[in-house]
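S.K.: Contents are mmCIF, C-alpha atoms; file name protein-v4.cif:
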```cif
data_upload
#
loop_
_atom_site.group_PDB
_atom_site.id
_atom_site.type_symbol
_atom_site.label_atom_id
_atom_site.label_comp_id
_atom_site.auth_asym_id
_atom_site.auth_seq_id
_atom_site.Cartn_x
_atom_site.Cartn_y
_atom_site.Cartn_z
ATOM 1 C CA MET K 163 265.728 40.049 62.216
ATOM 2 C CA PHE K 164 266.656 43.496 63.527
ATOM 3 C CA GLN K 165 266.646 45.059 60.049
ATOM 4 C CA HIS K 166 263.131 43.836 59.386
ATOM 5 C CA MET K 167 261.993 45.169 62.757
ATOM 6 C CA ALA K 168 263.544 48.564 62.050
ATOM 7 C CA TRP K 169 261.697 48.644 58.709
ATOM 8 C CA ALA K 170 258.385 47.774 60.347
ATOM 9 C CA MET K 171 258.750 50.398 63.069
ATOM 10 C CA LYS K 172 259.230 53.148 60.474
ATOM 11 C CA LEU K 173 256.110 52.259 58.489
ATOM 12 C CA PRO K 174 253.199 54.756 58.580
ATOM 13 C CA ILE K 175 250.759 52.198 60.032
ATOM 14 C CA LYS K 176 248.200 54.064 62.153
ATOM 15 C CA ASP K 177 246.705 50.989 63.799
ATOM 16 C CA PRO K 178 248.967 50.299 66.839
ATOM 17 C CA HIS K 179 247.888 46.657 67.136
ATOM 18 C CA ALA K 180 248.622 45.948 63.477
ATOM 19 C CA LYS K 181 251.994 47.661 63.717
ATOM 20 C CA TRP K 182 252.961 45.828 66.894
ATOM 21 C CA LEU K 183 251.962 42.517 65.314
ATOM 22 C CA LEU K 184 254.088 43.258 62.230
ATOM 23 C CA VAL K 185 257.086 44.168 64.406
ATOM 24 C CA THR K 186 256.590 40.899 66.297
ATOM 25 C CA LEU K 187 256.501 38.900 63.067
ATOM 26 C CA CYS K 188 259.700 40.630 61.950
ATOM 27 C CA ASP K 189 261.364 39.527 65.190
ATOM 28 C CA PHE K 190 260.849 35.914 64.073
ATOM 29 C CA THR K 191 261.986 36.315 60.457
ATOM 30 C CA ASN K 192 265.057 34.763 58.914
ATOM 31 C CA GLN K 193 267.271 36.629 56.437
ATOM 32 C CA ASP K 194 264.747 35.969 53.655
ATOM 33 C CA GLY K 195 261.898 37.603 55.569
ATOM 34 C CA LYS K 196 260.173 34.277 56.300
ATOM 35 C CA CYS K 197 258.816 33.046 59.618
ATOM 36 C CA TRP K 198 256.245 30.565 60.940
ATOM 37 C CA PRO K 199 255.259 31.387 64.572
ATOM 38 C CA SER K 200 252.149 29.674 65.902
ATOM 39 C CA GLN K 201 249.000 31.587 66.851
ATOM 40 C CA SER K 202 249.676 30.767 70.500
ATOM 41 C CA LEU K 203 253.168 32.199 70.303
ATOM 42 C CA LEU K 204 251.899 35.368 68.617
ATOM 43 C CA GLN K 205 249.329 35.739 71.400
ATOM 44 C CA GLU K 206 252.051 35.306 74.013
ATOM 45 C CA ARG K 207 254.421 37.827 72.407
ATOM 46 C CA THR K 208 251.850 40.499 71.548
ATOM 47 C CA SER K 209 249.349 40.080 74.418
ATOM 48 C CA LEU K 210 246.615 40.304 71.772
ATOM 49 C CA GLY K 211 243.615 38.002 71.523
ATOM 50 C CA ARG K 212 243.385 35.400 68.772
ATOM 51 C CA SER K 213 240.500 37.156 67.006
ATOM 52 C CA THR K 214 242.372 40.474 67.090
ATOM 53 C CA ILE K 215 245.498 38.827 65.694
ATOM 54 C CA ASN K 216 243.532 37.281 62.830
ATOM 55 C CA ARG K 217 241.916 40.612 61.952
ATOM 56 C CA LYS K 218 245.223 42.460 62.006
ATOM 57 C CA LEU K 219 246.958 39.767 59.947
ATOM 58 C CA LYS K 220 244.220 40.154 57.353
ATOM 59 C CA ASP K 221 244.752 43.944 57.320
ATOM 60 C CA LEU K 222 248.530 43.596 57.005
ATOM 61 C CA GLU K 223 248.137 41.175 54.121
ATOM 62 C CA ALA K 224 245.560 43.351 52.367
ATOM 63 C CA ASN K 225 247.957 46.306 52.546
ATOM 64 C CA GLY K 226 250.856 44.325 51.085
ATOM 65 C CA TYR K 227 253.032 44.146 54.198
ATOM 66 C CA ILE K 228 252.937 40.354 54.483
ATOM 67 C CA VAL K 229 252.015 37.269 52.482
ATOM 68 C CA ARG K 230 250.563 34.240 54.251
ATOM 69 C CA VAL K 231 250.775 30.640 53.082
ATOM 70 C CA SER K 232 248.485 28.319 55.016
ATOM 71 C CA GLY K 233 250.304 25.374 56.509
ATOM 72 C CA ARG K 234 249.379 21.745 55.988
ATOM 73 C CA THR K 235 247.507 19.963 58.737
ATOM 74 C CA GLY K 236 249.730 19.992 61.794
ATOM 75 C CA PHE K 237 251.996 22.731 60.416
ATOM 76 C CA ASN K 238 252.051 26.462 61.161
ATOM 77 C CA THR K 239 251.135 29.157 58.647
ATOM 78 C CA GLU K 240 254.178 30.653 56.927
ATOM 79 C CA TYR K 241 254.560 34.427 56.774
ATOM 80 C CA PHE K 242 256.611 36.343 54.214
ATOM 81 C CA VAL K 243 257.414 39.899 55.311
ATOM 82 C CA GLN K 244 257.362 42.090 52.207
ATOM 83 C CA CYS K 245 260.101 44.610 52.947
ATOM 84 C CA ASP K 246 263.014 46.119 51.055
ATOM 85 C CA ILE K 247 266.136 45.046 52.952
ATOM 86 C CA VAL K 248 269.722 45.177 51.737
ATOM 87 C CA PRO K 249 272.084 43.756 54.396
ATOM 88 C CA GLU K 250 274.789 46.178 55.473
ATOM 89 C CA ARG K 251 277.467 43.689 54.492
ATOM 90 C CA ASP K 252 276.189 43.887 50.907
ATOM 91 C CA ARG K 253 276.320 47.670 50.699
ATOM 92 C CA VAL K 254 279.292 48.983 48.718
ATOM 93 C CA VAL K 255 280.519 52.442 49.735
ATOM 94 C CA SER K 256 283.488 53.845 47.868
ATOM 95 C CA GLU K 257 286.171 55.857 49.613
ATOM 96 C CA ARG K 258 285.135 58.893 47.565
ATOM 97 C CA ASP K 259 281.541 58.643 48.831
ATOM 98 C CA THR K 260 282.637 58.922 52.458
ATOM 99 C CA LYS K 261 283.919 62.440 51.742
ATOM 100 C CA GLN K 262 280.596 63.759 50.450
ATOM 101 C CA PRO K 263 278.459 66.109 52.568
ATOM 102 C CA LEU K 264 276.199 64.312 55.061
ATOM 103 C CA THR K 265 272.946 65.484 53.441
ATOM 104 C CA ARG K 266 274.010 64.103 50.081
ATOM 105 C CA ASN K 267 274.799 60.691 51.564
ATOM 106 C CA ILE K 268 271.401 60.523 53.247
ATOM 107 C CA THR K 269 269.597 61.293 49.995
ATOM 108 C CA SER K 270 271.614 58.619 48.194
ATOM 109 C CA ARG K 271 270.795 55.984 50.792
ATOM 110 C CA ARG K 272 267.067 56.730 50.669
ATOM 111 C CA GLY K 273 266.766 56.279 46.920
ATOM 112 C CA SER K 274 263.716 57.429 44.976
ATOM 113 C CA LYS K 275 260.094 56.522 44.222
ATOM 114 C CA ILE K 276 259.052 54.266 41.347
ATOM 115 C CA SER K 277 258.178 56.383 38.309
ATOM 116 C CA GLU K 278 255.127 55.917 36.089
ATOM 117 C CA ASP K 279 257.369 55.098 33.118
ATOM 118 C CA PHE K 280 259.424 52.426 34.923
ATOM 119 C CA GLN K 281 260.346 49.445 32.759
ATOM 120 C CA PRO K 282 262.524 46.449 33.686
ATOM 121 C CA SER K 283 265.766 46.311 31.750
ATOM 122 C CA GLU K 284 266.570 43.463 29.368
ATOM 123 C CA LYS K 285 269.174 42.230 31.822
ATOM 124 C CA THR K 286 266.608 42.223 34.634
ATOM 125 C CA ILE K 287 264.058 40.363 32.504
ATOM 126 C CA ASN K 288 266.623 37.735 31.532
ATOM 127 C CA ARG K 289 267.611 37.165 35.168
ATOM 128 C CA ILE K 290 264.009 36.787 36.247
ATOM 129 C CA ASN K 291 263.164 34.461 33.362
ATOM 130 C CA LYS K 292 266.124 32.257 34.242
ATOM 131 C CA PHE K 293 265.003 32.023 37.854
ATOM 132 C CA ALA K 294 261.392 31.402 36.812
ATOM 133 C CA LYS K 295 262.443 28.597 34.470
ATOM 134 C CA GLU K 296 264.375 26.908 37.272
ATOM 135 C CA GLU K 297 261.238 27.037 39.424
ATOM 136 C CA GLY K 298 258.962 25.811 36.632
ATOM 137 C CA ALA K 299 257.136 29.133 36.349
ATOM 138 C CA VAL K 300 256.469 31.726 33.646
ATOM 139 C CA ILE K 301 256.398 35.502 34.205
ATOM 140 C CA ASN K 302 254.181 37.874 32.202
ATOM 141 C CA HIS K 303 256.415 40.940 32.455
ATOM 142 C CA GLU K 304 253.945 43.380 30.935
ATOM 143 C CA TYR K 305 251.349 42.455 33.541
ATOM 144 C CA GLU K 306 253.790 42.268 36.462
ATOM 145 C CA THR K 307 255.378 45.618 35.546
ATOM 146 C CA ASP K 308 251.984 47.334 35.586
ATOM 147 C CA LYS K 309 251.147 45.805 38.975
ATOM 148 C CA PHE K 310 254.601 46.633 40.353
ATOM 149 C CA ARG K 311 254.336 50.290 39.303
ATOM 150 C CA ASP K 312 250.757 50.746 40.506
ATOM 151 C CA PHE K 313 251.399 49.140 43.882
ATOM 152 C CA HIS K 314 254.555 51.062 44.760
ATOM 153 C CA ILE K 315 253.373 54.387 43.355
ATOM 154 C CA ALA K 316 250.217 54.069 45.457
ATOM 155 C CA LYS K 317 252.284 53.238 48.540
ATOM 156 C CA GLY K 318 254.916 55.911 47.845
ATOM 157 C CA ASN K 319 257.654 53.343 48.462
ATOM 158 C CA ILE K 320 261.254 54.455 47.995
ATOM 159 C CA TYR K 321 263.965 52.222 46.559
ATOM 160 C CA LYS K 322 267.637 52.689 45.930
ATOM 161 C CA ASP K 323 267.659 50.181 43.057
ATOM 162 C CA HIS K 324 264.406 49.978 41.090
ATOM 163 C CA GLN K 325 265.575 47.072 38.943
ATOM 164 C CA ALA K 326 266.454 45.054 42.046
ATOM 165 C CA ALA K 327 263.057 45.915 43.544
ATOM 166 C CA TYR K 328 261.307 44.557 40.456
ATOM 167 C CA ARG K 329 263.433 41.391 40.501
ATOM 168 C CA ASN K 330 262.436 40.845 44.102
ATOM 169 C CA TRP K 331 258.765 41.460 43.270
ATOM 170 C CA CYS K 332 258.879 38.687 40.674
ATOM 171 C CA ARG K 333 260.874 36.334 42.890
ATOM 172 C CA ASN K 334 258.301 36.744 45.639
ATOM 173 C CA ALA K 335 255.540 36.001 43.123
ATOM 174 C CA ILE K 336 257.343 32.837 42.031
ATOM 175 C CA LYS K 337 258.063 31.692 45.595
ATOM 176 C CA PHE K 338 254.512 32.435 46.699
ATOM 177 C CA SER K 339 253.159 30.507 43.728
ATOM 178 C CA ALA K 340 255.391 27.523 44.520
ATOM 179 C CA GLU K 341 254.287 27.513 48.158
ATOM 180 C CA ARG K 342 250.638 27.645 47.134
ATOM 181 C CA ARG K 343 251.085 24.785 44.673
ATOM 182 C CA ALA K 344 252.896 22.656 47.268
ATOM 183 C CA SER K 345 250.279 23.387 49.914
ATOM 184 C CA SER K 346 247.445 22.574 47.527
ATOM 185 C CA ALA K 347 249.107 19.352 46.399
ATOM 186 C CA ASN K 348 249.626 18.208 49.977
ATOM 187 C CA ARG K 349 245.997 18.889 50.864
ATOM 188 C CA SER K 350 244.338 17.390 47.820
ATOM 189 C CA GLY K 351 247.039 15.241 46.217
ATOM 190 C CA VAL K 352 246.595 17.124 42.957
ATOM 191 C CA THR K 353 248.690 20.100 41.882
ATOM 192 C CA ARG K 354 246.622 22.762 40.161
ATOM 193 C CA GLN K 355 247.685 23.563 36.601
ATOM 194 C CA GLY K 356 246.858 26.376 34.186
ATOM 195 C CA ASP K 357 246.414 29.192 36.732
ATOM 196 C CA SER K 358 248.394 32.311 35.837
ATOM 197 C CA LEU K 359 251.306 33.166 38.104
ATOM 198 C CA SER K 360 249.908 36.574 38.963
ATOM 199 C CA ASP K 361 246.475 35.172 39.832
ATOM 200 C CA ARG K 362 248.115 32.866 42.366
ATOM 201 C CA PHE K 363 250.264 35.661 43.726
ATOM 202 C CA GLY K 364 247.281 37.987 43.969
ATOM 203 C CA ASP K 365 247.815 41.580 44.997
ATOM 204 C CA PHE K 366 250.487 40.919 47.557
ATOM 205 C CA VAL K 367 254.276 41.602 47.500
ATOM 206 C CA ASN K 368 257.701 42.983 48.193
ATOM 207 C CA SER K 369 262.152 42.845 49.547
ATOM 208 C CA ILE K 370 265.041 43.671 47.451
ATOM 209 C CA ASP K 371 267.303 40.703 46.801
ATOM 210 C CA SER K 372 269.710 41.806 44.127
#
```
Any chance you could put this one into structure tokens?
M.R.:
Amino acid sequence: MFQHMAWAMKLPIKDPHAKWLLVTLCDFTNQDGKCWPSQSLLQERTSLGRSTINRKLKDLEANGYIVRVSGRTGFNTEYFVQCDIVPERDRVVSERDTKQPLTRNITSRRGSKISEDFQPSEKTINRINKFAKEEGAVINHEYETDKFRDFHIAKGNIYKDHQAAYRNWCRNAIKFSAERRASSANRSGVTRQGDSLSDRFGDFVNSIDS
């Protein structure tokens, strides 16, 4: 989607091939940041070789820009673009806000960085736990909060709504875990049990879906 592409183009990625590949992936994404282009299609769109594409995908995943879920035999790999997108139709701007100075509006839209003392609110925790229960998962909020803070502080990411960013972090962890379980079950016929949610999610993330 265009919004995902705009996000990717603004990222401080110094490797031009990696950045171009991420922009290309974003061009395929649906509104949830998910896409599943084949390797051949990525080669066609980017003019990059297969080995280069695989190296750059690995770099993008290691830096938290994407999450990959290997497809079953005969199916393409699924990619989850880890960006913070709030559709324009969902933005609420009051009449009073439109009268504020331009510089103030820009600052408001950009948001702020995650602080070292960030904690999810009780309301946020309850919403996440409800979603996790529906998906048959359990969230360790103390562990996820530490990982959430460390990751975004290290990246210097800016969010307008920190609680929504954390909710999205956990939702991505749950969805990623579900995809991994489904993929594993289809390959081996046995769904793995007992692994912690965060171990399955690993060190990857990220989009706001409030």
S.K.: Near region 313-322 of chain K, counting only C-alpha atoms, which residues have an atom at most 6 Å away, once you skip same-chain residues fewer than 6 positions from it, shown as a compact mmCIF listing (two decimals) with C-alpha atoms, in the frame of the given file?
M.R.:
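Done, and the output landed in part05.txt:
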```
# COMPACT_ATOMS: atom_id res chain seq x y z
CA GLY K 273 266.77 56.28 46.92
CA SER K 274 263.72 57.43 44.98
CA LYS K 275 260.09 56.52 44.22
```
S.K.: Can you spell out as a ChimeraX atom specification the set of residues that the PyMOL selection byres ((chain K and resi 202) around 12) selects in the structure I just provided?
M.R.: /K:198-201,203-213,215-216,238
S.K.: Translate the PyMOL selection byres ((chain K and resi 217-223) around 10), as applied to the file shown, into an explicit residue set as a list in words.
M.R.: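 That expression, the PyMOL selection byres ((chain K and resi 217-223) around 10), corresponds here to Ile175, Asp177, Pro178, His179, Ala180, Lys181, Trp182, Leu183, Leu184, Arg212, Ser213, Thr214, Ile215, Asn216, Ala224, Asn225, Gly226, Tyr227, Ile228, Val229, Arg230, Tyr241, Phe242, Val243, Gln244, Asp365, Phe366 and Val367 of chain K.
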S.K.: Point out the residue among K:Lys337, K:Lys285, K:His166, K:Lys176 with the least atom-to-atom distance to Gly298 (chain K), counting only C-alpha atoms.
M.R.: K:Lys337
S.K.: Please compute the CA of Glu296 (chain K)-CA of Asp279 (chain K) distance, one decimal, in Å.
M.R.: 29.3 Å
S.K.: Could you put an axis-aligned box around every listed atom of region 326-339 of chain K, padded by 8 Å on each side, and send me its centre and edge lengths in Å to one decimal, as AutoDock Vina command-line options?
M.R.:
```
--center_x 259.8 --center_y 38.2 --center_z 43.6 --size_x 29.3 --size_y 31.4 --size_z 22.2
```
S.K.: If the PyMOL selection byres ((chain K and resi 278) around 9) is run on the structure shown, which residues does it catch, given as a ChimeraX atom specification?
M.R.: /K:276-277,279-281,311-312,315
S.K.: Quick check, in Å to one decimal: how far apart do CA of Ala327 (chain K) and CA of Phe190 (chain K) lie?
M.R.: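 One can read the CA of Ala327 (chain K) to CA of Phe190 (chain K) distance as 22.9 Å.
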S.K.: Give me, as number ranges by chain, all polymer residues having an atom no more than 10 Å from Ile290 (chain K), counting only C-alpha atoms and skipping those fewer than 6 positions away in the same chain.
M.R.: K: 284, 296, 300-301, 303, 328-333, 336
S.K.: In Å, with one decimal, what is the gap from CA of Asp194 (chain K) to CA of Ile287 (chain K)?
M.R.: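 Taking CA of Asp194 (chain K) and CA of Ile287 (chain K), their separation equals 21.6 Å.
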S.K.: In terms of the shortest atom-to-atom distance over all atoms listed in the file, which of K:Leu187, K:Gln165, K:Gln193, K:Ala294 is closest to Thr239 (chain K)?
M.R.: K:Leu187
